[in-house]
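Quick look at my_file-v2.cif (mmCIF, C-alpha atoms):
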```
data_model
loop_
_atom_site.label_atom_id
_atom_site.label_comp_id
_atom_site.auth_asym_id
_atom_site.auth_seq_id
_atom_site.Cartn_x
_atom_site.Cartn_y
_atom_site.Cartn_z
CA PHE A 1 10.07 8.01 -18.47
CA LEU A 2 12.44 9.32 -15.78
CA GLU A 3 14.78 10.85 -18.37
CA ILE A 4 11.93 12.76 -20.01
CA LEU A 5 10.59 13.83 -16.63
CA ALA A 6 14.01 15.06 -15.51
CA ASP A 7 14.47 17.17 -18.63
CA GLN A 8 11.01 18.66 -18.28
CA ILE A 9 11.50 19.51 -14.61
CA LEU A 10 14.81 21.21 -15.37
CA ALA A 11 12.92 23.27 -17.96
CA ARG A 12 10.47 24.16 -15.14
CA PHE A 13 7.54 22.20 -16.57
CA PRO A 14 4.64 22.92 -16.44
CA THR A 15 4.89 26.62 -15.53
CA GLY A 16 8.16 27.67 -17.13
CA GLU A 17 8.92 29.82 -14.06
CA ALA A 18 12.69 29.99 -13.98
CA THR A 19 12.67 31.90 -10.69
CA ARG A 20 10.66 29.25 -8.79
CA PRO A 21 13.03 26.88 -6.95
CA LEU A 22 12.83 23.18 -7.75
CA SER A 23 12.00 22.54 -4.11
CA ASP A 24 8.51 23.91 -4.94
CA TRP A 25 7.93 20.95 -7.28
CA PRO A 26 6.50 17.97 -5.33
CA ILE A 27 6.91 14.91 -7.56
CA LEU A 28 5.05 11.67 -6.81
CA LEU A 29 6.70 8.54 -8.22
CA PRO A 30 5.63 4.88 -8.03
CA SER A 31 8.37 3.63 -5.68
CA ARG A 32 11.25 4.63 -3.44
CA ARG A 33 13.60 3.11 -6.03
CA ALA A 34 12.15 5.33 -8.75
CA ALA A 35 12.41 8.40 -6.51
CA GLN A 36 16.08 7.72 -5.78
CA ALA A 37 16.88 7.04 -9.46
CA PHE A 38 15.08 10.23 -10.48
CA SER A 39 17.08 12.38 -8.05
CA GLU A 40 20.35 10.92 -9.30
CA LEU A 41 19.28 11.39 -12.92
CA LEU A 42 18.14 14.96 -12.32
CA LEU A 43 21.53 15.95 -10.89
CA LYS A 44 23.36 14.24 -13.75
CA ARG A 45 21.28 15.92 -16.46
CA SER A 46 21.57 19.31 -14.80
CA LYS A 47 25.36 19.10 -15.34
CA LYS A 48 25.92 20.74 -11.96
CA ASN A 49 27.88 19.63 -8.92
CA ALA A 50 24.96 20.39 -6.59
CA LEU A 51 21.26 21.00 -7.10
CA ILE A 52 18.31 21.93 -4.89
CA MET A 53 16.07 18.94 -5.48
CA PRO A 54 12.32 18.70 -5.91
CA ARG A 55 10.46 16.92 -3.09
CA THR A 56 10.07 13.42 -4.47
CA LYS A 57 7.61 11.12 -2.70
CA PRO A 58 7.10 7.39 -3.36
CA ILE A 59 3.52 6.15 -3.61
CA GLY A 60 4.30 2.53 -4.41
CA ALA A 61 3.54 -0.81 -2.80
CA SER A 62 3.57 -0.64 1.00
CA HIS A 63 5.73 -3.73 1.52
CA GLU A 64 8.66 -2.17 -0.37
CA ASP A 65 8.07 1.53 0.10
CA ARG A 66 6.76 3.77 2.85
CA LEU A 67 5.18 7.12 2.17
CA GLN A 68 6.83 10.05 3.83
CA ASP A 69 5.11 10.96 7.07
CA GLU A 70 4.71 14.56 5.87
CA MET A 71 1.98 13.38 3.52
CA VAL A 72 -0.51 12.99 6.34
CA GLY A 73 -1.34 14.26 9.80
CA ASP A 74 -0.72 12.43 13.05
CA ASP A 75 -4.31 11.22 13.39
CA LEU A 76 -3.74 7.85 11.69
CA PRO A 77 -2.80 4.80 13.77
CA GLN A 78 0.59 3.30 13.05
CA ALA A 79 0.73 0.25 10.81
CA MET A 80 0.96 -3.14 12.47
CA PRO A 81 4.46 -4.52 11.70
CA ALA A 82 4.57 -7.24 9.05
CA ILE A 83 5.91 -9.89 11.42
CA ALA A 84 3.23 -9.09 14.01
CA THR A 85 0.57 -9.38 11.30
CA MET A 86 1.87 -12.81 10.27
CA LEU A 87 1.92 -14.00 13.89
CA GLU A 88 -1.68 -12.84 14.39
CA LEU A 89 -2.78 -14.47 11.14
CA THR A 90 -1.11 -17.75 12.07
CA ARG A 91 -2.81 -17.68 15.46
CA LEU A 92 -6.17 -16.87 13.87
CA ALA A 93 -5.67 -19.66 11.33
CA LYS A 94 -5.11 -22.17 14.13
CA SER A 95 -8.13 -20.90 16.05
CA TRP A 96 -10.25 -21.11 12.89
CA ALA A 97 -9.12 -24.68 12.26
CA ALA A 98 -9.97 -25.71 15.82
CA ALA A 99 -13.43 -24.17 15.47
CA HIS A 100 -14.19 -25.92 12.14
CA PRO A 101 -13.01 -29.54 12.51
CA GLU A 102 -15.60 -30.64 9.93
CA ILE A 103 -13.78 -28.79 7.12
CA ALA A 104 -11.01 -30.67 5.28
CA LEU A 105 -8.71 -27.64 5.14
CA ALA A 106 -9.16 -27.09 8.87
CA LYS A 107 -8.08 -30.67 9.56
CA ALA A 108 -4.91 -30.11 7.52
CA ILE A 109 -4.17 -26.88 9.39
CA SER A 110 -4.63 -28.54 12.78
CA ALA A 111 -2.31 -31.36 11.78
CA SER A 112 0.57 -29.22 10.52
CA PRO A 113 2.10 -25.93 11.76
CA VAL A 114 3.57 -25.50 8.28
CA GLN A 115 0.09 -25.57 6.76
CA ALA A 116 -1.03 -22.95 9.29
CA LEU A 117 1.85 -20.69 8.24
CA ASN A 118 1.10 -21.25 4.55
CA LEU A 119 -2.54 -20.31 5.13
CA ALA A 120 -1.43 -17.18 7.03
CA ARG A 121 0.67 -16.13 4.03
CA SER A 122 -2.25 -16.65 1.67
CA LEU A 123 -4.55 -14.68 3.97
CA ASN A 124 -2.02 -11.85 4.06
CA GLU A 125 -2.20 -11.61 0.27
CA ILE A 126 -5.98 -11.34 0.54
CA ILE A 127 -5.58 -8.54 3.08
CA ILE A 128 -3.27 -6.59 0.76
CA THR A 129 -5.77 -6.92 -2.10
CA ALA A 130 -8.74 -6.00 0.10
CA GLU A 131 -7.03 -2.97 1.65
CA THR A 132 -5.75 -1.78 -1.71
CA HIS A 133 -9.10 -1.98 -3.49
CA GLY A 134 -11.46 -1.51 -0.55
CA LEU A 135 -13.08 -4.93 -0.93
CA SER A 136 -15.50 -6.51 1.54
CA VAL A 137 -16.39 -10.13 2.31
CA ALA A 138 -19.35 -9.83 -0.09
CA ASP A 139 -17.07 -8.51 -2.85
CA PHE A 140 -14.73 -11.46 -2.50
CA THR A 141 -17.44 -14.13 -2.39
CA LYS A 142 -18.65 -12.95 -5.80
CA LEU A 143 -15.28 -14.01 -7.21
CA TYR A 144 -15.69 -17.65 -6.18
CA ASP A 145 -18.03 -20.42 -7.27
CA LEU A 146 -19.74 -21.08 -3.95
CA ASP A 147 -22.41 -23.52 -5.07
CA ILE A 148 -20.99 -26.24 -2.84
CA ALA A 149 -21.98 -25.65 0.79
CA GLU A 150 -18.59 -26.63 2.24
CA HIS A 151 -16.76 -24.31 -0.14
CA ARG A 152 -19.12 -21.49 0.77
CA GLN A 153 -18.55 -22.06 4.49
CA THR A 154 -14.76 -22.30 4.10
CA ILE A 155 -14.33 -19.18 1.95
CA THR A 156 -16.78 -17.06 3.90
CA SER A 157 -15.36 -17.95 7.30
CA LEU A 158 -11.78 -17.33 6.17
CA LEU A 159 -12.69 -13.98 4.63
CA GLU A 160 -14.41 -12.92 7.83
CA LEU A 161 -11.26 -13.95 9.68
CA VAL A 162 -9.02 -11.55 7.76
CA LEU A 163 -11.47 -8.74 6.94
CA LYS A 164 -13.25 -8.53 10.30
CA ASP A 165 -11.35 -10.34 13.05
CA LEU A 166 -7.85 -9.09 12.20
CA PRO A 167 -8.87 -5.40 11.81
CA ALA A 168 -10.63 -5.65 15.18
CA LEU A 169 -7.42 -6.97 16.78
CA GLN A 170 -5.39 -4.23 15.13
CA ALA A 171 -7.79 -1.53 16.33
CA ALA A 172 -7.64 -2.91 19.88
CA GLU A 173 -3.87 -2.40 19.78
CA GLY A 174 -4.15 1.07 18.24
CA LYS A 175 -2.83 -0.19 14.91
CA MET A 176 -4.10 -0.60 11.36
CA GLY A 177 -3.13 -2.56 8.26
CA ALA A 178 -0.05 -1.28 6.40
CA THR A 179 -1.80 -1.22 3.03
CA ALA A 180 -4.89 0.45 4.47
CA ARG A 181 -2.66 3.09 6.06
CA ARG A 182 -0.90 3.75 2.77
CA SER A 183 -4.21 4.32 0.99
CA ALA A 184 -5.40 6.59 3.80
CA MET A 185 -2.19 8.62 3.63
CA ILE A 186 -2.49 9.09 -0.14
CA ARG A 187 -6.13 10.17 0.14
CA ALA A 188 -5.27 12.55 2.99
CA GLU A 189 -2.57 14.14 0.86
CA ALA A 190 -5.02 14.48 -2.04
CA ARG A 191 -7.51 16.22 0.26
CA ARG A 192 -4.82 18.54 1.57
CA ILE A 193 -3.88 19.55 -1.97
CA ALA A 194 -7.52 19.95 -3.05
CA GLU A 195 -8.18 22.20 -0.06
CA GLY A 196 -5.36 24.54 -1.02
CA GLY A 197 -2.63 22.99 1.08
CA HIS A 198 -0.06 23.58 -1.66
CA SER A 199 0.58 26.35 -4.15
CA GLY A 200 2.44 25.61 -7.33
CA PRO A 201 2.83 22.56 -9.56
CA ILE A 202 2.42 18.98 -8.36
CA ILE A 203 3.49 16.20 -10.69
CA ALA A 204 2.50 12.52 -10.45
CA ALA A 205 4.32 10.27 -12.90
CA GLY A 206 4.71 6.57 -13.56
CA SER A 207 1.61 5.36 -11.71
CA THR A 208 -0.42 2.77 -13.59
CA GLY A 209 -3.49 3.27 -11.41
CA SER A 210 -3.23 -0.24 -9.91
CA ILE A 211 -3.65 1.39 -6.50
CA PRO A 212 -7.07 3.13 -6.59
CA ALA A 213 -6.02 5.76 -4.03
CA THR A 214 -3.41 7.10 -6.46
#
```

Render the structure in this file as C-alpha cells.
Amino acid sequence: FLEILADQILARFPTGEATRPLSDWPILLPSRRAAQAFSELLLKRSKKNALIMPRTKPIGASHEDRLQDEMVGDDLPQAMPAIATMLELTRLAKSWAAAHPEIALAKAISASPVQALNLARSLNEIIITAETHGLSVADFTKLYDLDIAEHRQTITSLLELVLKDLPALQAAEGKMGATARRSAMIRAEARRIAEGGHSGPIIAAGSTGSIPAT
C-alpha cells in the first residue's frame, strides 16, 4: 500500500492543490518502519534529488515504536521504562506468592526465581492487552472459566495485581504504562485535530484497527 500512497501524495491527494507543500500533509502510518520506508519510497518515486517530506508519524505498537512527542501536550506522565516495569512485576509476583501460600502457582513462584520472572512476563502481556483495549479486572474474568474457587482466587488476585497495584505504583512515581500513554497520545492528537488544531489534509493509512485508539 505504500507505493499507492506515495503516488497519491505526490499527486496531492486528496485536495489536488499543487501549491500546498507536502509538509502540510501529516501522514499516520502503523509503525516507525513503515514511516521510514514510506519516506524513502516517496523520494524515489518523485524522481528528485531532494524533496520536502510530509510529516509522517508512527502509531504502531509501543514496544517497537514511539509516537512523536508533538502529538500531545506535556501534561501526560512519562512512561515507566520497560525494564523498570519488569522489575516491579517480578517484585509484585514474589509478594503475591508470599501472601497466597495456599495456591499451587504461588508455591511454584516462591520456590523458583525463574518462575517469578516467567509470571512477570505473562503479567506484562496482560498489561499490554488491558491498556490497549481499556479492559478491567471484571472484563478479564469474563474470559475465564472461574467455576473452581481456587482458579477464581488465582486469576482475580493476579489481575488486581497488574491492573490496580502496578498502576498505583507507577502513579506514585509520576509514571504511567507505556501502552496506556500511547493510547492517550493518540486520543489527544485526535481531539486536537477535531478541535481545529490542523488545517489541511490528514491521512491515516495501513492501520487495521487492532489498537482501538487509532

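Among the candidates A:Glu189, A:Asp165, A:Asp139, A:Glu3, the residue lying nearest to Ser46 in chain A is A:Glu3 (atoms considered: all atoms listed in the file).
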
With the PyMOL selection byres ((chain A and resi 172-178) around 12) as the selection, what would be picked from this file? Answer as a PDB file with C-alpha atoms, in the frame of the given file, please.
```pdb
ATOM      1  CA  ALA A  61       3.540  -0.810  -2.800  1.00  0.00           C
ATOM      2  CA  SER A  62       3.570  -0.640   1.000  1.00  0.00           C
ATOM      3  CA  HIS A  63       5.730  -3.730   1.520  1.00  0.00           C
ATOM      4  CA  GLU A  64       8.660  -2.170  -0.370  1.00  0.00           C
ATOM      5  CA  ASP A  65       8.070   1.530   0.100  1.00  0.00           C
ATOM      6  CA  ARG A  66       6.760   3.770   2.850  1.00  0.00           C
ATOM      7  CA  LEU A  67       5.180   7.120   2.170  1.00  0.00           C
ATOM      8  CA  ASP A  75      -4.310  11.220  13.390  1.00  0.00           C
ATOM      9  CA  LEU A  76      -3.740   7.850  11.690  1.00  0.00           C
ATOM     10  CA  PRO A  77      -2.800   4.800  13.770  1.00  0.00           C
ATOM     11  CA  GLN A  78       0.590   3.300  13.050  1.00  0.00           C
ATOM     12  CA  ALA A  79       0.730   0.250  10.810  1.00  0.00           C
ATOM     13  CA  MET A  80       0.960  -3.140  12.470  1.00  0.00           C
ATOM     14  CA  PRO A  81       4.460  -4.520  11.700  1.00  0.00           C
ATOM     15  CA  ALA A  82       4.570  -7.240   9.050  1.00  0.00           C
ATOM     16  CA  ILE A  83       5.910  -9.890  11.420  1.00  0.00           C
ATOM     17  CA  ALA A  84       3.230  -9.090  14.010  1.00  0.00           C
ATOM     18  CA  THR A  85       0.570  -9.380  11.300  1.00  0.00           C
ATOM     19  CA  MET A  86       1.870 -12.810  10.270  1.00  0.00           C
ATOM     20  CA  GLU A  88      -1.680 -12.840  14.390  1.00  0.00           C
ATOM     21  CA  ASN A 124      -2.020 -11.850   4.060  1.00  0.00           C
ATOM     22  CA  ILE A 127      -5.580  -8.540   3.080  1.00  0.00           C
ATOM     23  CA  ILE A 128      -3.270  -6.590   0.760  1.00  0.00           C
ATOM     24  CA  THR A 129      -5.770  -6.920  -2.100  1.00  0.00           C
ATOM     25  CA  ALA A 130      -8.740  -6.000   0.100  1.00  0.00           C
ATOM     26  CA  GLU A 131      -7.030  -2.970   1.650  1.00  0.00           C
ATOM     27  CA  THR A 132      -5.750  -1.780  -1.710  1.00  0.00           C
ATOM     28  CA  VAL A 162      -9.020 -11.550   7.760  1.00  0.00           C
ATOM     29  CA  LEU A 163     -11.470  -8.740   6.940  1.00  0.00           C
ATOM     30  CA  LYS A 164     -13.250  -8.530  10.300  1.00  0.00           C
ATOM     31  CA  ASP A 165     -11.350 -10.340  13.050  1.00  0.00           C
ATOM     32  CA  LEU A 166      -7.850  -9.090  12.200  1.00  0.00           C
ATOM     33  CA  PRO A 167      -8.870  -5.400  11.810  1.00  0.00           C
ATOM     34  CA  ALA A 168     -10.630  -5.650  15.180  1.00  0.00           C
ATOM     35  CA  LEU A 169      -7.420  -6.970  16.780  1.00  0.00           C
ATOM     36  CA  GLN A 170      -5.390  -4.230  15.130  1.00  0.00           C
ATOM     37  CA  ALA A 171      -7.790  -1.530  16.330  1.00  0.00           C
ATOM     38  CA  THR A 179      -1.800  -1.220   3.030  1.00  0.00           C
ATOM     39  CA  ALA A 180      -4.890   0.450   4.470  1.00  0.00           C
ATOM     40  CA  ARG A 181      -2.660   3.090   6.060  1.00  0.00           C
ATOM     41  CA  ARG A 182      -0.900   3.750   2.770  1.00  0.00           C
ATOM     42  CA  SER A 183      -4.210   4.320   0.990  1.00  0.00           C
ATOM     43  CA  ALA A 184      -5.400   6.590   3.800  1.00  0.00           C
ATOM     44  CA  MET A 185      -2.190   8.620   3.630  1.00  0.00           C
TER      45      MET A 185
END
```

Item to check | Point-to-point distance from CA of Arg187 in chain A to CA of Gly134 in chain A, Å rounded to tenths | outcome: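 Those two atoms sit 12.9 Å apart.
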
Checklist outcome for this item: Pairwise distance, CA of Ile202 in chain A with CA of Ile27 in chain A, equals 6.1 Å

Next on the checklist: Please list, as JSON, numbers by chain, the residues that have an atom at most 12 Å away from (11.6, 27.9, -7.1) in the coordinates of this file, counting only C-alpha atoms.
Outcome noted: {"A": [9, 10, 11, 12, 13, 15, 16, 17, 18, 19, 20, 21, 22, 23, 24, 25, 26, 51, 52, 53, 54, 55, 199, 200, 201]}

Next on the checklist: If we count only C-alpha atoms and set the cut-off at 9 Å, which residues sit around Ala106 in chain A, ignoring sequence neighbours fewer than 4 positions away in its own chain? Please answer as a PyMOL selection string.
Outcome noted: chain A and resi 93-94+96-102+110-111+154

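Between CA of Phe38 in chain A and CA of Phe1 in chain A the separation is 9.7 Å.
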
Checklist entry - Which is closest to Thr90 in chain A among A:Val137, A:Leu42, A:Leu161, A:Leu105, if we use only C-alpha atoms? => result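 Distance minimum relative to Thr90 in chain A lands on A:Leu161.
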
Next on the checklist: Measuring between only C-alpha atoms, which one of A:Ala35, A:Leu89, A:Leu28, A:Ala104 shows the shortest distance to Glu125 in chain A?
Outcome noted: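 Closest to Glu125 in chain A, using only C-alpha atoms: A:Leu89.
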
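Closest approach to Leu41 in chain A from the set A:Ile186, A:Ala108, A:Ile193, A:Asp7 is made by A:Asp7, with distances taken over only C-alpha atoms.
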
Checklist entry - Restricting the calculation to all atoms listed in the file, which member of A:Ala120, A:Thr56, A:Ile155, A:Ala50 is positioned closest to Ala34 in chain A? => result A:Thr56

Next on the checklist: What would the selection look like, as a PyMOL selection string, if the PyMOL selection byres ((chain A and resi 205) around 8) were run on the coordinates I just shared?
Outcome noted: chain A and resi 27-30+203-204+206-207

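Considering only C-alpha atoms, the residue among A:His133, A:Glu160, A:Leu5, A:Leu123 positioned nearest to Ala37 in chain A is A:Leu5.
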